[in-house]
>>> print(open('start03.tsv').read())   # TSV, C-alpha atoms and all ligand atoms
chain	number	residue	atom	x	y	z
A	1	MET	CA	70.84	119.63	125.14
A	2	ASN	CA	71.93	120.41	121.62
A	3	TYR	CA	72.75	123.97	120.59
A	4	PHE	CA	73.73	123.28	116.98
A	5	PRO	CA	71.43	124.49	114.22
A	6	GLN	CA	69.52	121.48	112.89
A	7	SER	CA	71.08	121.22	109.41
A	8	LEU	CA	74.58	121.51	110.87
A	9	GLN	CA	73.78	118.89	113.47
A	10	LYS	CA	72.60	116.52	110.71
A	11	VAL	CA	75.90	116.84	108.78
A	12	ILE	CA	77.95	116.36	111.96
A	13	GLU	CA	75.94	113.26	112.83
A	14	ASP	CA	76.35	111.83	109.32
A	15	ILE	CA	80.11	112.38	109.30
A	16	SER	CA	80.70	111.17	112.84
A	17	ASN	CA	78.86	107.93	111.97
A	18	LEU	CA	81.61	107.14	109.44
A	19	PRO	CA	84.23	104.68	110.65
A	20	GLY	CA	87.32	106.55	111.83
A	21	TYR	CA	85.54	109.91	112.30
A	22	GLY	CA	84.51	111.12	115.72
A	23	GLU	CA	82.30	114.05	116.68
A	24	LYS	CA	85.30	116.41	116.90
A	25	SER	CA	86.63	115.63	113.43
A	26	ALA	CA	83.07	115.92	112.07
A	27	GLN	CA	82.80	119.37	113.65
A	28	ARG	CA	86.15	120.38	112.15
A	29	PHE	CA	85.07	119.22	108.70
A	30	ALA	CA	81.75	121.07	108.92
A	31	THR	CA	83.52	124.24	110.10
A	32	THR	CA	86.03	124.01	107.26
A	33	LEU	CA	83.21	123.68	104.72
A	34	LEU	CA	81.32	126.62	106.18
A	35	LYS	CA	84.43	128.81	106.16
A	36	MET	CA	85.31	127.97	102.55
A	37	PRO	CA	84.21	130.29	99.73
A	38	ARG	CA	80.64	129.11	99.12
A	39	GLY	CA	81.30	128.20	95.45
A	40	GLU	CA	84.23	125.96	96.35
A	41	ALA	CA	82.25	124.18	99.05
A	42	VAL	CA	79.35	123.59	96.68
A	43	ASP	CA	81.77	122.28	94.01
A	44	LEU	CA	83.26	119.88	96.54
A	45	VAL	CA	79.86	118.48	97.47
A	46	ARG	CA	78.88	118.27	93.79
A	47	ASN	CA	82.11	116.41	92.96
A	48	ILE	CA	81.37	113.90	95.69
A	49	ALA	CA	77.92	113.34	94.17
A	50	ILE	CA	79.46	112.89	90.68
A	51	MET	CA	81.99	110.40	92.10
A	52	LEU	CA	79.22	108.42	93.77
A	53	ASP	CA	77.31	108.38	90.51
A	54	LYS	CA	80.23	107.28	88.30
A	55	ILE	CA	82.56	105.10	90.34
A	56	HIS	CA	81.84	101.41	90.82
A	57	PRO	CA	83.93	98.31	91.49
A	58	CYS	CA	85.22	96.45	88.42
A	59	VAL	CA	83.15	93.27	88.07
A	60	GLU	CA	86.34	91.25	87.60
A	61	CYS	CA	88.84	92.58	90.14
A	62	GLY	CA	86.92	94.99	92.35
A	63	ILE	CA	89.09	98.05	91.65
A	64	TYR	CA	87.11	101.29	91.62
A	65	THR	CA	86.69	102.29	88.01
A	66	GLU	CA	84.76	104.70	85.83
A	67	GLU	CA	84.91	102.47	82.81
A	68	GLU	CA	82.07	100.22	81.66
A	69	GLU	CA	81.83	97.31	84.10
A	70	ILE	CA	85.45	96.18	83.59
A	71	CYS	CA	88.46	98.31	84.54
A	72	PRO	CA	91.22	99.26	82.05
A	73	ILE	CA	93.68	96.88	83.75
A	74	CYS	CA	91.43	93.83	83.41
A	75	LYS	CA	90.54	94.92	79.87
A	76	SER	CA	94.15	95.30	78.76
A	77	GLU	CA	95.51	92.46	76.66
A	78	GLU	CA	98.98	93.31	77.86
A	79	ARG	CA	98.26	92.31	81.45
A	80	ASP	CA	98.97	88.77	82.56
A	81	LYS	CA	95.73	87.36	83.98
A	82	THR	CA	97.53	84.34	85.41
A	83	TYR	CA	99.40	86.63	87.82
A	84	ILE	CA	97.05	88.03	90.46
A	85	CYS	CA	98.02	90.56	93.12
A	86	VAL	CA	95.66	90.52	96.12
A	87	VAL	CA	95.23	93.86	97.90
A	88	GLU	CA	92.98	95.13	100.66
A	89	GLU	CA	91.65	98.24	98.92
A	90	SER	CA	91.65	99.89	95.48
A	91	PHE	CA	94.11	102.53	96.67
A	92	ASP	CA	96.67	99.82	97.42
A	93	ALA	CA	96.39	98.69	93.79
A	94	TYR	CA	96.78	102.26	92.51
A	95	THR	CA	99.92	102.60	94.67
A	96	ILE	CA	101.46	99.41	93.25
A	97	GLU	CA	100.38	100.47	89.77
A	98	LYS	CA	102.36	103.71	90.16
A	99	THR	CA	105.60	101.70	90.34
A	100	GLY	CA	104.95	100.46	86.79
A	101	LYS	CA	106.60	97.18	87.81
A	102	PHE	CA	103.56	94.95	88.11
A	103	THR	CA	102.42	93.25	84.94
A	104	GLY	CA	99.58	91.09	86.26
A	105	VAL	CA	96.05	91.93	87.40
A	106	TYR	CA	94.70	92.86	90.82
A	107	HIS	CA	92.12	91.45	93.15
A	108	VAL	CA	90.62	93.82	95.72
A	109	LEU	CA	89.44	92.14	98.91
A	110	GLY	CA	87.48	95.19	100.03
A	111	GLY	CA	89.00	95.20	103.52
A	112	ARG	CA	90.88	92.98	105.94
A	113	LEU	CA	89.92	90.39	108.50
A	114	SER	CA	89.06	92.20	111.69
A	115	PRO	CA	87.23	90.30	114.42
A	116	LEU	CA	86.93	93.53	116.45
A	117	GLU	CA	85.05	95.27	113.64
A	118	GLY	CA	83.06	92.14	112.84
A	119	VAL	CA	84.78	91.56	109.49
A	120	GLY	CA	85.01	87.83	108.81
A	121	PRO	CA	86.11	86.08	105.59
A	122	GLU	CA	82.53	86.13	104.25
A	123	LYS	CA	82.64	89.95	104.08
A	124	LEU	CA	85.73	89.97	101.85
A	125	ASN	CA	85.92	89.20	98.11
A	126	ILE	CA	87.58	85.84	98.66
A	127	LYS	CA	85.12	83.60	96.83
A	128	SER	CA	85.56	85.62	93.63
A	129	LEU	CA	89.35	85.32	94.03
A	130	LEU	CA	89.08	81.54	94.07
A	131	GLU	CA	86.82	81.66	91.01
A	132	ARG	CA	89.29	83.84	89.11
A	133	ILE	CA	92.19	81.56	89.99
A	134	LYS	CA	90.28	78.66	88.41
A	135	LYS	CA	88.90	80.64	85.47
A	136	TYR	CA	92.31	81.95	84.36
A	137	SER	CA	94.39	78.97	85.57
A	138	ALA	CA	96.43	81.43	87.61
A	139	LYS	CA	100.13	80.66	87.98
A	140	GLU	CA	100.98	83.09	90.77
A	141	VAL	CA	99.04	84.85	93.51
A	142	LEU	CA	100.97	87.68	95.13
A	143	ILE	CA	99.44	88.50	98.51
A	144	ALA	CA	100.01	92.23	99.07
A	145	THR	CA	97.96	92.95	102.17
A	146	ASN	CA	99.24	95.62	104.54
A	147	PRO	CA	102.03	94.77	106.98
A	148	THR	CA	99.72	95.20	109.99
A	149	VAL	CA	98.35	92.64	112.44
A	150	GLU	CA	95.06	92.48	110.53
A	151	GLY	CA	96.77	92.48	107.13
A	152	GLU	CA	98.98	89.59	108.28
A	153	ALA	CA	95.98	87.62	109.56
A	154	THR	CA	94.22	88.16	106.22
A	155	ALA	CA	97.31	87.07	104.28
A	156	ASN	CA	97.69	83.93	106.39
A	157	TYR	CA	94.03	83.06	105.94
A	158	ILE	CA	94.27	83.40	102.14
A	159	HIS	CA	97.59	81.55	102.08
A	160	ASN	CA	96.00	78.57	103.86
A	161	LEU	CA	93.01	78.58	101.50
A	162	LEU	CA	95.23	78.63	98.42
A	163	LYS	CA	97.46	75.77	99.50
A	164	LYS	CA	95.19	73.28	97.78
A	165	TYR	CA	95.36	75.15	94.47
A	166	PRO	CA	98.13	74.50	91.93
A	167	VAL	CA	99.39	78.07	92.13
A	168	ASN	CA	102.55	79.76	93.40
A	169	ILE	CA	101.84	81.90	96.41
A	170	THR	CA	104.11	84.88	97.02
A	171	ARG	CA	104.14	87.78	99.46
A	172	LEU	CA	105.53	91.28	99.20
A	173	ALA	CA	108.99	91.38	100.76
A	174	TYR	CA	109.23	92.98	104.18
A	175	GLY	CA	111.97	95.43	104.64
A	176	LEU	CA	113.30	98.63	105.99
A	177	PRO	CA	112.22	101.81	104.25
A	178	PHE	CA	114.95	103.05	101.91
A	179	GLY	CA	116.90	105.93	103.42
A	180	SER	CA	115.99	104.97	106.98
A	181	VAL	CA	118.36	104.01	109.80
A	182	LEU	CA	118.15	100.79	111.79
A	183	GLU	CA	117.76	102.50	115.14
A	184	ASN	CA	114.55	104.16	113.93
A	185	ALA	CA	112.96	100.93	112.69
A	186	ASP	CA	110.15	99.48	114.77
A	187	GLU	CA	110.56	95.94	116.10
A	188	PHE	CA	107.97	94.47	113.75
A	189	THR	CA	109.66	95.80	110.63
A	190	LEU	CA	113.09	94.79	111.82
A	191	SER	CA	112.04	91.29	112.87
A	192	LYS	CA	110.29	90.77	109.51
A	193	ALA	CA	113.37	92.08	107.67
A	194	LEU	CA	115.47	89.48	109.55
A	195	GLU	CA	112.97	86.72	108.89
A	196	TYR	CA	112.84	87.47	105.15
A	197	ARG	CA	116.54	88.29	104.73
A	198	ILE	CA	117.98	87.76	101.26
A	199	LYS	CA	121.10	85.95	100.17
A	200	VAL	CA	123.71	88.29	98.69
B	301	ZN	ZN	89.39	95.07	86.97
>>> encode(input="start03.tsv", output="structure tokens", more="lines below")
Ligand code: ZN
Amino acid sequence: MNYFPQSLQKVIEDISNLPGYGEKSAQRFATTLLKMPRGEAVDLVRNIAIMLDKIHPCVECGIYTEEEEICPICKSEERDKTYICVVEESFDAYTIEKTGKFTGVYHVLGGRLSPLEGVGPEKLNIKSLLERIKKYSAKEVLIATNPTVEGEATANYIHNLLKKYPVNITRLAYGLPFGSVLENADEFTLSKALEYRIKV
């Protein structure tokens, strides 16, 4: 038996169908919206609609962009197209971009290998990565997937695929977060930090 008003029920259903959102978080979101000043809530919904209308993946690298077809990074003549950084999602690229240290271009996979969620290699932008490597005679591919079990599996899969290409394959270094103490590090981080230790 459902006691929710129909329109509220619809929103809760829609949100709880999203990956990572359950019924409870959907209810919390709906309640927050209903408690907000009406104008702010309407603005929020309108901004989502505008975002959906304007944002699309760059046809080259897959980063979400508002520009015409190709994103500003791919368009820039100052970026080295022979140096490709592979990330899971656009937000990972934005995060790396914030450092201002990366001079190449990105390639967004659009996810990570996840047998549990039914995500196999065919669902990721891997074919277009191989095409770009050939098209730009890439010199280096930096695999910057997340340091998680699924991110690792994805990185290993891509690493194996790229072995037959004349390209240097690099990975982001694993390490301990700056300012942290060893006793707080999890085993995975610490074992990776040992494995990828540097000569001083
Ligand atoms: Zn791009």
>>> atom_distance(input="start03.tsv", atom1="CA of Asn125 (chain A)", atom2="CA of Val108 (chain A)")
7.0 Å
>>> closest_residue(input="start03.tsv", among="A:Ala41, A:Leu162, A:Ile73, A:Leu34", to="ligand ZN 301 (chain B)", atoms="all atoms listed in the file")
A:Ile73
>>> closest_residue(input="start03.tsv", among="A:Glu117, A:Glu122, A:Glu60, A:Asp53", to="Lys75 (chain A)", atoms="only C-alpha atoms")
A:Glu60
>>> residues_near_ligand(input="start03.tsv", ligand="ligand ZN 301 (chain B)", cutoff="8 Å", atoms="all atoms listed in the file", output="MDAnalysis selection string")
chainID A and resid 57:63 65 70:75 105:107
>>> write_last_selection(input="start03.tsv", atoms="C-alpha atoms", output="PDB file, keeping the file's coordinate frame")
ATOM      1  CA  PRO A  57      83.930  98.310  91.490  1.00  0.00           C
ATOM      2  CA  CYS A  58      85.220  96.450  88.420  1.00  0.00           C
ATOM      3  CA  VAL A  59      83.150  93.270  88.070  1.00  0.00           C
ATOM      4  CA  GLU A  60      86.340  91.250  87.600  1.00  0.00           C
ATOM      5  CA  CYS A  61      88.840  92.580  90.140  1.00  0.00           C
ATOM      6  CA  GLY A  62      86.920  94.990  92.350  1.00  0.00           C
ATOM      7  CA  ILE A  63      89.090  98.050  91.650  1.00  0.00           C
ATOM      8  CA  THR A  65      86.690 102.290  88.010  1.00  0.00           C
ATOM      9  CA  ILE A  70      85.450  96.180  83.590  1.00  0.00           C
ATOM     10  CA  CYS A  71      88.460  98.310  84.540  1.00  0.00           C
ATOM     11  CA  PRO A  72      91.220  99.260  82.050  1.00  0.00           C
ATOM     12  CA  ILE A  73      93.680  96.880  83.750  1.00  0.00           C
ATOM     13  CA  CYS A  74      91.430  93.830  83.410  1.00  0.00           C
ATOM     14  CA  LYS A  75      90.540  94.920  79.870  1.00  0.00           C
ATOM     15  CA  VAL A 105      96.050  91.930  87.400  1.00  0.00           C
ATOM     16  CA  TYR A 106      94.700  92.860  90.820  1.00  0.00           C
ATOM     17  CA  HIS A 107      92.120  91.450  93.150  1.00  0.00           C
TER      18      HIS A 107
END
>>> atom_distance(input="start03.tsv", atom1="CA of Glu89 (chain A)", atom2="CA of Leu161 (chain A)")
19.9 Å
>>> closest_atom_pairs(input="start03.tsv", of="region 33-148 of chain A", to="region 169-176 of chain A", cutoff="12 Å", atoms="only C-alpha atoms", output="JSON lines")
{"residue": "A:Tyr83", "atom": "CA", "partner": "A:Ile169", "partner_atom": "CA", "distance": 10.1}
{"residue": "A:Ile84", "atom": "CA", "partner": "A:Ile169", "partner_atom": "CA", "distance": 9.8}
{"residue": "A:Cys85", "atom": "CA", "partner": "A:Thr170", "partner_atom": "CA", "distance": 9.2}
{"residue": "A:Val86", "atom": "CA", "partner": "A:Arg171", "partner_atom": "CA", "distance": 9.5}
{"residue": "A:Val87", "atom": "CA", "partner": "A:Leu172", "partner_atom": "CA", "distance": 10.7}
{"residue": "A:Ile96", "atom": "CA", "partner": "A:Leu172", "partner_atom": "CA", "distance": 10.9}
{"residue": "A:Phe102", "atom": "CA", "partner": "A:Leu172", "partner_atom": "CA", "distance": 11.8}
{"residue": "A:Ile133", "atom": "CA", "partner": "A:Ile169", "partner_atom": "CA", "distance": 11.6}
{"residue": "A:Ala138", "atom": "CA", "partner": "A:Ile169", "partner_atom": "CA", "distance": 10.3}
{"residue": "A:Lys139", "atom": "CA", "partner": "A:Ile169", "partner_atom": "CA", "distance": 8.7}
{"residue": "A:Glu140", "atom": "CA", "partner": "A:Ile169", "partner_atom": "CA", "distance": 5.8}
{"residue": "A:Val141", "atom": "CA", "partner": "A:Ile169", "partner_atom": "CA", "distance": 5.0}
{"residue": "A:Leu142", "atom": "CA", "partner": "A:Thr170", "partner_atom": "CA", "distance": 4.6}
{"residue": "A:Ile143", "atom": "CA", "partner": "A:Arg171", "partner_atom": "CA", "distance": 4.8}
{"residue": "A:Ala144", "atom": "CA", "partner": "A:Leu172", "partner_atom": "CA", "distance": 5.6}
{"residue": "A:Thr145", "atom": "CA", "partner": "A:Leu172", "partner_atom": "CA", "distance": 8.3}
{"residue": "A:Asn146", "atom": "CA", "partner": "A:Leu172", "partner_atom": "CA", "distance": 9.3}
{"residue": "A:Pro147", "atom": "CA", "partner": "A:Tyr174", "partner_atom": "CA", "distance": 7.9}
{"residue": "A:Thr148", "atom": "CA", "partner": "A:Tyr174", "partner_atom": "CA", "distance": 11.4}
>>> atom_distance(input="start03.tsv", atom1="CA of Arg38 (chain A)", atom2="CA of Gly22 (chain A)")
24.8 Å
>>> closest_residue(input="start03.tsv", among="A:Arg79, A:Lys54, A:His159, A:Gly100", to="Glu67 (chain A)", atoms="all atoms listed in the file")
A:Lys54
>>> closest_residue(input="start03.tsv", among="A:Thr103, A:Met51, A:Lys135, A:Ala155", to="Pro121 (chain A)", atoms="all atoms listed in the file")
A:Ala155
>>> closest_residue(input="start03.tsv", among="A:Thr154, A:Asn17, A:Asn184, A:Ser76", to="Gly110 (chain A)", atoms="all atoms listed in the file")
A:Thr154
>>> closest_residue(input="start03.tsv", among="A:Lys123, A:Lys81, A:Lys10, A:Lys134", to="Gly104 (chain A)", atoms="only C-alpha atoms")
A:Lys81
>>> residues_around(input="start03.tsv", residues="region 30-32 of chain A", least_positions_apart="4", cutoff="9 Å", atoms="all atoms listed in the file", output="PyMOL selection string")
chain A and resi 8+11-12+15+25-26+36
>>> residues_around(input="start03.tsv", residues="Gly111 (chain A)", least_positions_apart="2", cutoff="8 Å", atoms="all atoms listed in the file", output="PyMOL selection string")
chain A and resi 88-89+109+113+124
